[in-house]
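File shown here: input31.cif, holding mmCIF, C-alpha atoms.
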```cif
data_structure
loop_
_atom_site.label_atom_id
_atom_site.label_comp_id
_atom_site.auth_asym_id
_atom_site.auth_seq_id
_atom_site.Cartn_x
_atom_site.Cartn_y
_atom_site.Cartn_z
CA MET A 1 0.00 0.00 0.00
CA LYS A 2 1.35 3.42 -0.91
CA GLU A 3 2.09 5.86 1.88
CA GLY A 4 -0.93 8.03 2.56
CA ALA A 5 -3.21 5.66 0.64
CA THR A 6 -6.34 4.34 2.28
CA MET A 7 -6.38 0.59 2.66
CA SER A 8 -8.91 -1.41 0.71
CA CYS A 9 -10.19 -4.66 2.13
CA TYR A 10 -10.47 -5.91 -1.42
CA ASP A 11 -6.68 -6.24 -1.55
CA TYR A 12 -6.76 -9.14 0.94
CA THR A 13 -7.30 -12.86 0.69
CA VAL A 14 -8.45 -14.83 3.72
CA THR A 15 -8.87 -18.50 4.51
CA ALA A 16 -12.36 -19.98 4.52
CA GLN A 17 -13.44 -22.46 7.13
CA ASP A 18 -12.78 -25.31 4.67
CA GLY A 19 -9.21 -24.11 4.06
CA SER A 20 -9.83 -22.57 0.64
CA GLU A 21 -8.64 -19.06 -0.16
CA VAL A 22 -11.26 -16.31 -0.47
CA SER A 23 -10.55 -12.94 -2.02
CA LEU A 24 -12.35 -10.14 -0.23
CA LYS A 25 -12.90 -8.76 -3.71
CA ASP A 26 -15.79 -11.26 -3.71
CA TYR A 27 -17.53 -8.82 -1.33
CA GLU A 28 -16.90 -5.71 -3.42
CA GLY A 29 -19.75 -3.21 -3.26
CA LYS A 30 -21.09 -4.52 0.04
CA VAL A 31 -21.00 -3.01 3.51
CA LEU A 32 -18.93 -5.29 5.74
CA LEU A 33 -18.57 -5.79 9.46
CA ILE A 34 -15.37 -7.74 10.11
CA VAL A 35 -15.25 -9.27 13.59
CA ASN A 36 -12.82 -11.43 15.55
CA THR A 37 -14.83 -13.73 17.80
CA ALA A 38 -14.62 -16.45 20.43
CA THR A 39 -17.04 -19.04 21.77
CA GLY A 40 -16.11 -18.80 25.46
CA CYS A 41 -15.87 -15.04 25.91
CA GLY A 42 -18.04 -12.80 28.09
CA PHE A 43 -18.94 -11.02 24.84
CA THR A 44 -20.00 -14.24 23.04
CA PRO A 45 -23.72 -13.35 23.45
CA GLN A 46 -23.04 -10.59 20.90
CA TYR A 47 -23.44 -13.35 18.30
CA GLU A 48 -27.20 -13.00 18.87
CA ASP A 49 -27.10 -9.25 18.12
CA LEU A 50 -24.81 -9.79 15.15
CA GLU A 51 -27.16 -12.38 13.66
CA ALA A 52 -30.16 -10.04 14.17
CA LEU A 53 -28.23 -7.27 12.41
CA TYR A 54 -27.31 -9.63 9.58
CA ALA A 55 -30.89 -10.84 9.16
CA LYS A 56 -32.15 -7.25 9.04
CA TYR A 57 -29.67 -5.91 6.47
CA ARG A 58 -28.23 -8.78 4.43
CA ASP A 59 -30.73 -8.15 1.62
CA LYS A 60 -29.45 -4.56 1.43
CA GLY A 61 -25.86 -5.57 0.67
CA PHE A 62 -24.55 -6.15 4.21
CA GLU A 63 -22.20 -8.97 5.23
CA ILE A 64 -20.64 -9.92 8.54
CA LEU A 65 -17.31 -11.71 8.23
CA ASP A 66 -16.57 -13.75 11.36
CA PHE A 67 -12.98 -14.69 12.23
CA PRO A 68 -12.74 -16.87 15.35
CA CYS A 69 -9.59 -16.22 17.39
CA ASN A 70 -8.07 -18.07 20.33
CA GLN A 71 -5.50 -15.44 21.34
CA PHE A 72 -7.43 -13.96 24.26
CA ALA A 73 -7.42 -16.17 27.36
CA ASN A 74 -7.86 -19.36 25.28
CA GLN A 75 -11.54 -18.54 24.66
CA ALA A 76 -11.88 -20.36 21.32
CA PRO A 77 -9.92 -23.62 21.71
CA GLU A 78 -12.30 -25.72 19.59
CA SER A 79 -11.75 -26.80 16.00
CA ASP A 80 -13.20 -24.69 13.19
CA ASP A 81 -16.05 -27.21 12.75
CA GLU A 82 -16.85 -27.23 16.46
CA ILE A 83 -16.89 -23.42 16.57
CA HIS A 84 -19.19 -23.32 13.55
CA ARG A 85 -21.59 -25.87 15.05
CA PHE A 86 -21.66 -23.96 18.34
CA CYS A 87 -22.49 -20.66 16.61
CA THR A 88 -25.15 -22.06 14.30
CA MET A 89 -26.84 -24.19 16.96
CA LYS A 90 -26.71 -21.75 19.88
CA PHE A 91 -27.15 -18.44 18.02
CA GLY A 92 -28.50 -19.47 14.60
CA THR A 93 -25.69 -17.62 12.81
CA GLU A 94 -25.86 -17.59 9.04
CA PHE A 95 -23.14 -15.07 8.19
CA PRO A 96 -19.83 -16.29 6.77
CA GLN A 97 -17.39 -17.70 9.30
CA PHE A 98 -13.75 -18.12 8.36
CA LYS A 99 -10.91 -20.28 9.62
CA LYS A 100 -9.66 -19.51 13.11
CA THR A 101 -6.96 -16.87 12.83
CA GLU A 102 -4.48 -14.86 14.84
CA VAL A 103 -5.06 -11.11 15.05
CA ASN A 104 -1.96 -10.17 17.05
CA GLY A 105 1.70 -11.06 17.09
CA GLU A 106 4.18 -12.26 14.51
CA ASN A 107 1.60 -14.51 12.81
CA ALA A 108 -1.24 -11.99 12.77
CA ASN A 109 -3.57 -12.15 9.81
CA PRO A 110 -2.46 -9.32 7.47
CA LEU A 111 -6.08 -8.18 7.12
CA PHE A 112 -6.34 -7.48 10.85
CA VAL A 113 -2.95 -5.77 10.91
CA ALA A 114 -4.17 -3.44 8.14
CA LEU A 115 -7.57 -2.86 9.75
CA ALA A 116 -5.98 -1.92 13.07
CA ALA A 117 -3.44 0.33 11.36
CA GLU A 118 -6.27 2.13 9.59
CA LYS A 119 -8.40 2.45 12.77
CA PRO A 120 -6.16 2.07 15.84
CA PHE A 121 -7.44 1.33 19.31
CA GLU A 122 -8.78 4.46 21.01
CA GLY A 123 -10.01 2.94 24.26
CA PHE A 124 -12.79 0.87 25.73
CA ASN A 125 -16.06 2.50 26.69
CA GLY A 126 -19.10 1.63 28.74
CA LEU A 127 -19.45 -0.13 32.06
CA LYS A 128 -16.84 -2.80 31.32
CA ALA A 129 -14.12 -0.32 30.31
CA VAL A 130 -12.25 -0.41 33.63
CA VAL A 131 -12.06 -4.21 33.65
CA MET A 132 -11.17 -4.41 29.97
CA ASN A 133 -8.37 -1.85 30.33
CA ARG A 134 -6.80 -3.98 33.04
CA VAL A 135 -7.26 -7.25 31.13
CA SER A 136 -5.97 -5.89 27.83
CA LYS A 137 -2.70 -4.78 29.43
CA SER A 138 -1.73 -8.47 29.70
CA VAL A 139 -2.37 -8.87 25.97
CA ASP A 140 -0.26 -5.81 25.24
CA LYS A 141 2.61 -7.31 27.28
CA GLU A 142 2.32 -10.61 25.42
CA PHE A 143 2.30 -9.09 21.91
CA GLY A 144 4.18 -5.82 22.49
CA ASP A 145 4.00 -3.51 19.49
CA LYS A 146 2.04 -6.20 17.63
CA ALA A 147 -1.03 -5.99 19.92
CA TYR A 148 -3.30 -4.73 17.15
CA ILE A 149 -6.56 -5.97 18.62
CA LYS A 150 -7.29 -5.65 22.33
CA TRP A 151 -9.94 -8.37 22.78
CA ASN A 152 -12.52 -10.61 21.13
CA PHE A 153 -15.49 -9.06 19.33
CA THR A 154 -13.60 -6.07 18.00
CA LYS A 155 -15.55 -4.93 14.93
CA PHE A 156 -14.45 -3.01 11.85
CA LEU A 157 -17.08 -1.36 9.64
CA ILE A 158 -16.18 -1.23 5.96
CA ASN A 159 -18.00 0.90 3.38
CA ARG A 160 -18.96 -0.22 -0.14
CA LYS A 161 -15.60 1.02 -1.45
CA GLY A 162 -13.68 -1.34 0.84
CA GLU A 163 -12.54 1.43 3.22
CA VAL A 164 -12.53 1.12 7.00
CA ILE A 165 -14.81 3.80 8.40
CA ALA A 166 -15.23 2.76 12.04
CA ARG A 167 -13.85 0.49 14.74
CA PHE A 168 -16.00 -0.74 17.59
CA GLU A 169 -14.41 -2.31 20.63
CA PRO A 170 -16.28 -5.20 22.29
CA THR A 171 -17.57 -2.82 24.96
CA ALA A 172 -19.38 -0.64 22.38
CA LYS A 173 -23.16 -0.82 22.48
CA MET A 174 -24.51 -3.02 19.71
CA ASP A 175 -27.16 -0.32 19.09
CA ASP A 176 -24.31 2.02 18.12
CA VAL A 177 -22.92 -0.60 15.74
CA ALA A 178 -26.38 -1.13 14.22
CA SER A 179 -26.87 2.63 13.77
CA ALA A 180 -23.53 2.98 12.02
CA VAL A 181 -24.35 0.08 9.68
CA ALA A 182 -27.78 1.51 8.87
CA ALA A 183 -26.30 4.94 8.18
CA ILE A 184 -24.04 3.67 5.37
CA LEU A 185 -26.44 1.23 3.75
#
```

Take the structure from the file and write it as structure tokens.
Amino acid sequence: MKEGATMSCYDYTVTAQDGSEVSLKDYEGKVLLIVNTATGCGFTPQYEDLEALYAKYRDKGFEILDFPCNQFANQAPESDDEIHRFCTMKFGTEFPQFKKTEVNGENANPLFVALAAEKPFEGFNGLKAVVMNRVSKSVDKEFGDKAYIKWNFTKFLINRKGEVIARFEPTAKMDDVASAVAAIL
């Protein structure tokens, strides 16, 4: 990417749950919400809100791209198939779920590195902010300058041009996420 250029999600290829490569160019022209998730996290119930958001807007060109991650307190230790079964059975998720990935460290998925560079962490908000600030410090120590994502259920909102327009930490109200999605559809 050229210096000063805005990143485009369409420049990235990710790994599908079945191991095949998927170009994000396949989602060109859609509004995307890219999320790193976990099945055993205090924020896991957000799957219900995410699925409701997906059901409401998918016919308007909205996609949620779910990337399970086990880098935060071992909260997604299951296989990709087990994670998928859990999400579909417990929360009825229908949005695309990709292969479990790393979002921090030397092996971080380049997509998440770019997303976080485009919209860096600005702090947690809400009632859980104090706890999350304390917890995320351990992640920062573990990954140093490669601690791009602070916790599970960090969400990046992408416009129809493939540009990152917002970052929502897991402590953000899902109503705020829904409003932001609706505003750009």

Got a sec to resolve the PyMOL selection byres ((chain A and resi 71) around 8) on this structure and send the residues as a PDB file with C-alpha atoms, in the coordinates of the input?
```pdb
ATOM      1  CA  CYS A  69      -9.590 -16.220  17.390  1.00  0.00           C
ATOM      2  CA  ASN A  70      -8.070 -18.070  20.330  1.00  0.00           C
ATOM      3  CA  PHE A  72      -7.430 -13.960  24.260  1.00  0.00           C
ATOM      4  CA  ALA A  73      -7.420 -16.170  27.360  1.00  0.00           C
ATOM      5  CA  ASN A  74      -7.860 -19.360  25.280  1.00  0.00           C
ATOM      6  CA  GLN A  75     -11.540 -18.540  24.660  1.00  0.00           C
ATOM      7  CA  GLU A 102      -4.480 -14.860  14.840  1.00  0.00           C
ATOM      8  CA  VAL A 103      -5.060 -11.110  15.050  1.00  0.00           C
ATOM      9  CA  ASN A 104      -1.960 -10.170  17.050  1.00  0.00           C
TER      10      ASN A 104
END
```

Go through A:Glu82, A:Glu163, A:Asp175, A:Glu63 one by one, measure the shortest atom-to-atom distance of each to Asp11 of chain A using all atoms listed in the file, and give the residue with the smallest value.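 When distances to Asp11 of chain A are compared using all atoms listed in the file, the smallest one comes from A:Glu163.
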
Using all atoms listed in the file: which of A:Thr37, A:Ser79, A:Thr88, A:Ser136 has the shortest distance to Asn152 of chain A: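 Of A:Thr37, A:Ser79, A:Thr88, A:Ser136, the one nearest Asn152 of chain A, counting all atoms listed in the file, is A:Thr37.
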
May I have the protein, DNA and RNA residues with an atom at most 12 Å from (-9.2, -20.0, 14.3), counting all atoms listed in the file in the file's coordinates, returned as a PyMOL selection string? chain A and resi 14-19+36-39+66-72+74-84+97-103+108-109

Can you check which parts of segment 80-171 of chain A lie within 8 Å of segment 50-57 of chain A? Per residue, the shortest pair of atoms and distance in Å to one decimal, counting all atoms listed in the file, sorted by chain and number, as CSV.
```
residue,atom,partner,partner_atom,distance
A:Phe91,CA,A:Glu51,CA,7.5
A:Gly92,CA,A:Glu51,CA,7.3
A:Thr93,CA,A:Glu51,CA,5.5
A:Glu94,CA,A:Glu51,CA,7.1
A:Phe95,CA,A:Tyr54,CA,7.0
```

Let me know the residues the PyMOL selection byres ((chain A and resi 153) around 7) catches in the file above, as a PyMOL selection string. chain A and resi 35-37+43+151-152+154-155+169-170

Written as number ranges by chain, what is the full residue list that the PyMOL selection byres ((chain A and resi 183) around 12) yields on the file shown? A: 31, 57, 62, 157, 159, 165-166, 176-182, 184-185

For Lys173 of chain A, which of A:Thr6, A:Ser138, A:Gln46, A:Ser20 is the closest residue, counting only C-alpha atoms?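 So, comparing all the options, the nearest one is A:Gln46.
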
For atom CA of Tyr148 of chain A and atom CA of Phe168 of chain A, the interatomic separation in Å (one decimal): 13.3 Å

Between atom CA of Pro96 of chain A and atom CA of Arg58 of chain A, what is the distance in Å, rounded to a tenth?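 For atom CA of Pro96 of chain A relative to atom CA of Arg58 of chain A, the distance reads 11.5 Å.
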
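Closest approach to Pro120 of chain A among A:Lys146, A:Lys25, A:Lys90, A:Lys30 is made by A:Lys146 (distances from all atoms listed in the file).
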
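Computed from the coordinates, the atom CA of Lys141 of chain A to atom CA of Ala117 of chain A distance equals 18.7 Å.
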
Counting only C-alpha atoms, the option among A:Cys9, A:Arg85, A:Gly105, A:Asp59 closest to Asp145 of chain A: A:Gly105

If I only have part of segment 32-56 of chain A, can you fill in N, CA and C atoms and write it as a PDB file, in the frame of the given file?
```
ATOM      1  N   LEU A  32     -19.441  -4.167   4.959  1.00  0.00           N
ATOM      2  CA  LEU A  32     -18.930  -5.290   5.740  1.00  0.00           C
ATOM      3  C   LEU A  32     -18.730  -4.919   7.199  1.00  0.00           C
ATOM      4  N   LEU A  33     -18.961  -5.891   8.055  1.00  0.00           N
ATOM      5  CA  LEU A  33     -18.570  -5.790   9.460  1.00  0.00           C
ATOM      6  C   LEU A  33     -17.660  -6.981   9.700  1.00  0.00           C
ATOM      7  N   ILE A  34     -16.373  -6.694   9.907  1.00  0.00           N
ATOM      8  CA  ILE A  34     -15.370  -7.740  10.110  1.00  0.00           C
ATOM      9  C   ILE A  34     -15.114  -7.852  11.602  1.00  0.00           C
ATOM     10  N   VAL A  35     -15.275  -9.064  12.146  1.00  0.00           N
ATOM     11  CA  VAL A  35     -15.250  -9.270  13.590  1.00  0.00           C
ATOM     12  C   VAL A  35     -14.353 -10.446  13.958  1.00  0.00           C
ATOM     13  N   ASN A  36     -13.528 -10.274  14.988  1.00  0.00           N
ATOM     14  CA  ASN A  36     -12.820 -11.430  15.550  1.00  0.00           C
ATOM     15  C   ASN A  36     -13.645 -11.904  16.753  1.00  0.00           C
ATOM     16  N   THR A  37     -13.892 -13.193  16.820  1.00  0.00           N
ATOM     17  CA  THR A  37     -14.830 -13.730  17.800  1.00  0.00           C
ATOM     18  C   THR A  37     -14.230 -14.864  18.615  1.00  0.00           C
ATOM     19  N   ALA A  38     -14.996 -15.295  19.611  1.00  0.00           N
ATOM     20  CA  ALA A  38     -14.620 -16.450  20.430  1.00  0.00           C
ATOM     21  C   ALA A  38     -15.884 -17.052  21.027  1.00  0.00           C
ATOM     22  N   THR A  39     -15.856 -18.342  21.266  1.00  0.00           N
ATOM     23  CA  THR A  39     -17.040 -19.040  21.770  1.00  0.00           C
ATOM     24  C   THR A  39     -17.163 -19.017  23.290  1.00  0.00           C
ATOM     25  N   GLY A  40     -16.066 -18.752  24.004  1.00  0.00           N
ATOM     26  CA  GLY A  40     -16.110 -18.800  25.460  1.00  0.00           C
ATOM     27  C   GLY A  40     -15.816 -17.466  26.107  1.00  0.00           C
ATOM     28  N   CYS A  41     -16.169 -16.401  25.460  1.00  0.00           N
ATOM     29  CA  CYS A  41     -15.870 -15.040  25.910  1.00  0.00           C
ATOM     30  C   CYS A  41     -17.116 -14.438  26.577  1.00  0.00           C
ATOM     31  N   GLY A  42     -16.913 -13.516  27.490  1.00  0.00           N
ATOM     32  CA  GLY A  42     -18.040 -12.800  28.090  1.00  0.00           C
ATOM     33  C   GLY A  42     -18.847 -12.026  27.061  1.00  0.00           C
ATOM     34  N   PHE A  43     -18.245 -11.744  25.908  1.00  0.00           N
ATOM     35  CA  PHE A  43     -18.940 -11.020  24.840  1.00  0.00           C
ATOM     36  C   PHE A  43     -19.589 -11.958  23.815  1.00  0.00           C
ATOM     37  N   THR A  44     -19.445 -13.277  23.989  1.00  0.00           N
ATOM     38  CA  THR A  44     -20.000 -14.240  23.040  1.00  0.00           C
ATOM     39  C   THR A  44     -21.499 -14.032  22.774  1.00  0.00           C
ATOM     40  N   PRO A  45     -22.302 -13.613  23.756  1.00  0.00           N
ATOM     41  CA  PRO A  45     -23.720 -13.350  23.450  1.00  0.00           C
ATOM     42  C   PRO A  45     -23.938 -12.294  22.361  1.00  0.00           C
ATOM     43  N   GLN A  46     -22.900 -11.542  22.005  1.00  0.00           N
ATOM     44  CA  GLN A  46     -23.040 -10.590  20.900  1.00  0.00           C
ATOM     45  C   GLN A  46     -23.343 -11.302  19.581  1.00  0.00           C
ATOM     46  N   TYR A  47     -23.071 -12.593  19.501  1.00  0.00           N
ATOM     47  CA  TYR A  47     -23.440 -13.350  18.300  1.00  0.00           C
ATOM     48  C   TYR A  47     -24.937 -13.177  18.008  1.00  0.00           C
ATOM     49  N   GLU A  48     -25.749 -13.158  19.055  1.00  0.00           N
ATOM     50  CA  GLU A  48     -27.200 -13.000  18.870  1.00  0.00           C
ATOM     51  C   GLU A  48     -27.510 -11.652  18.214  1.00  0.00           C
ATOM     52  N   ASP A  49     -26.894 -10.583  18.702  1.00  0.00           N
ATOM     53  CA  ASP A  49     -27.100  -9.250  18.120  1.00  0.00           C
ATOM     54  C   ASP A  49     -26.542  -9.175  16.708  1.00  0.00           C
ATOM     55  N   LEU A  50     -25.400  -9.801  16.488  1.00  0.00           N
ATOM     56  CA  LEU A  50     -24.810  -9.790  15.150  1.00  0.00           C
ATOM     57  C   LEU A  50     -25.728 -10.511  14.161  1.00  0.00           C
ATOM     58  N   GLU A  51     -26.267 -11.645  14.553  1.00  0.00           N
ATOM     59  CA  GLU A  51     -27.160 -12.380  13.660  1.00  0.00           C
ATOM     60  C   GLU A  51     -28.428 -11.567  13.377  1.00  0.00           C
ATOM     61  N   ALA A  52     -28.967 -10.879  14.379  1.00  0.00           N
ATOM     62  CA  ALA A  52     -30.160 -10.040  14.170  1.00  0.00           C
ATOM     63  C   ALA A  52     -29.836  -8.917  13.175  1.00  0.00           C
ATOM     64  N   LEU A  53     -28.668  -8.331  13.317  1.00  0.00           N
ATOM     65  CA  LEU A  53     -28.230  -7.270  12.410  1.00  0.00           C
ATOM     66  C   LEU A  53     -28.080  -7.816  10.984  1.00  0.00           C
ATOM     67  N   TYR A  54     -27.499  -8.984  10.877  1.00  0.00           N
ATOM     68  CA  TYR A  54     -27.310  -9.630   9.580  1.00  0.00           C
ATOM     69  C   TYR A  54     -28.663  -9.939   8.926  1.00  0.00           C
ATOM     70  N   ALA A  55     -29.571 -10.499   9.692  1.00  0.00           N
ATOM     71  CA  ALA A  55     -30.890 -10.840   9.160  1.00  0.00           C
ATOM     72  C   ALA A  55     -31.628  -9.583   8.678  1.00  0.00           C
ATOM     73  N   LYS A  56     -31.458  -8.500   9.386  1.00  0.00           N
ATOM     74  CA  LYS A  56     -32.150  -7.250   9.040  1.00  0.00           C
ATOM     75  C   LYS A  56     -31.609  -6.613   7.769  1.00  0.00           C
TER      76      LYS A  56
END
```
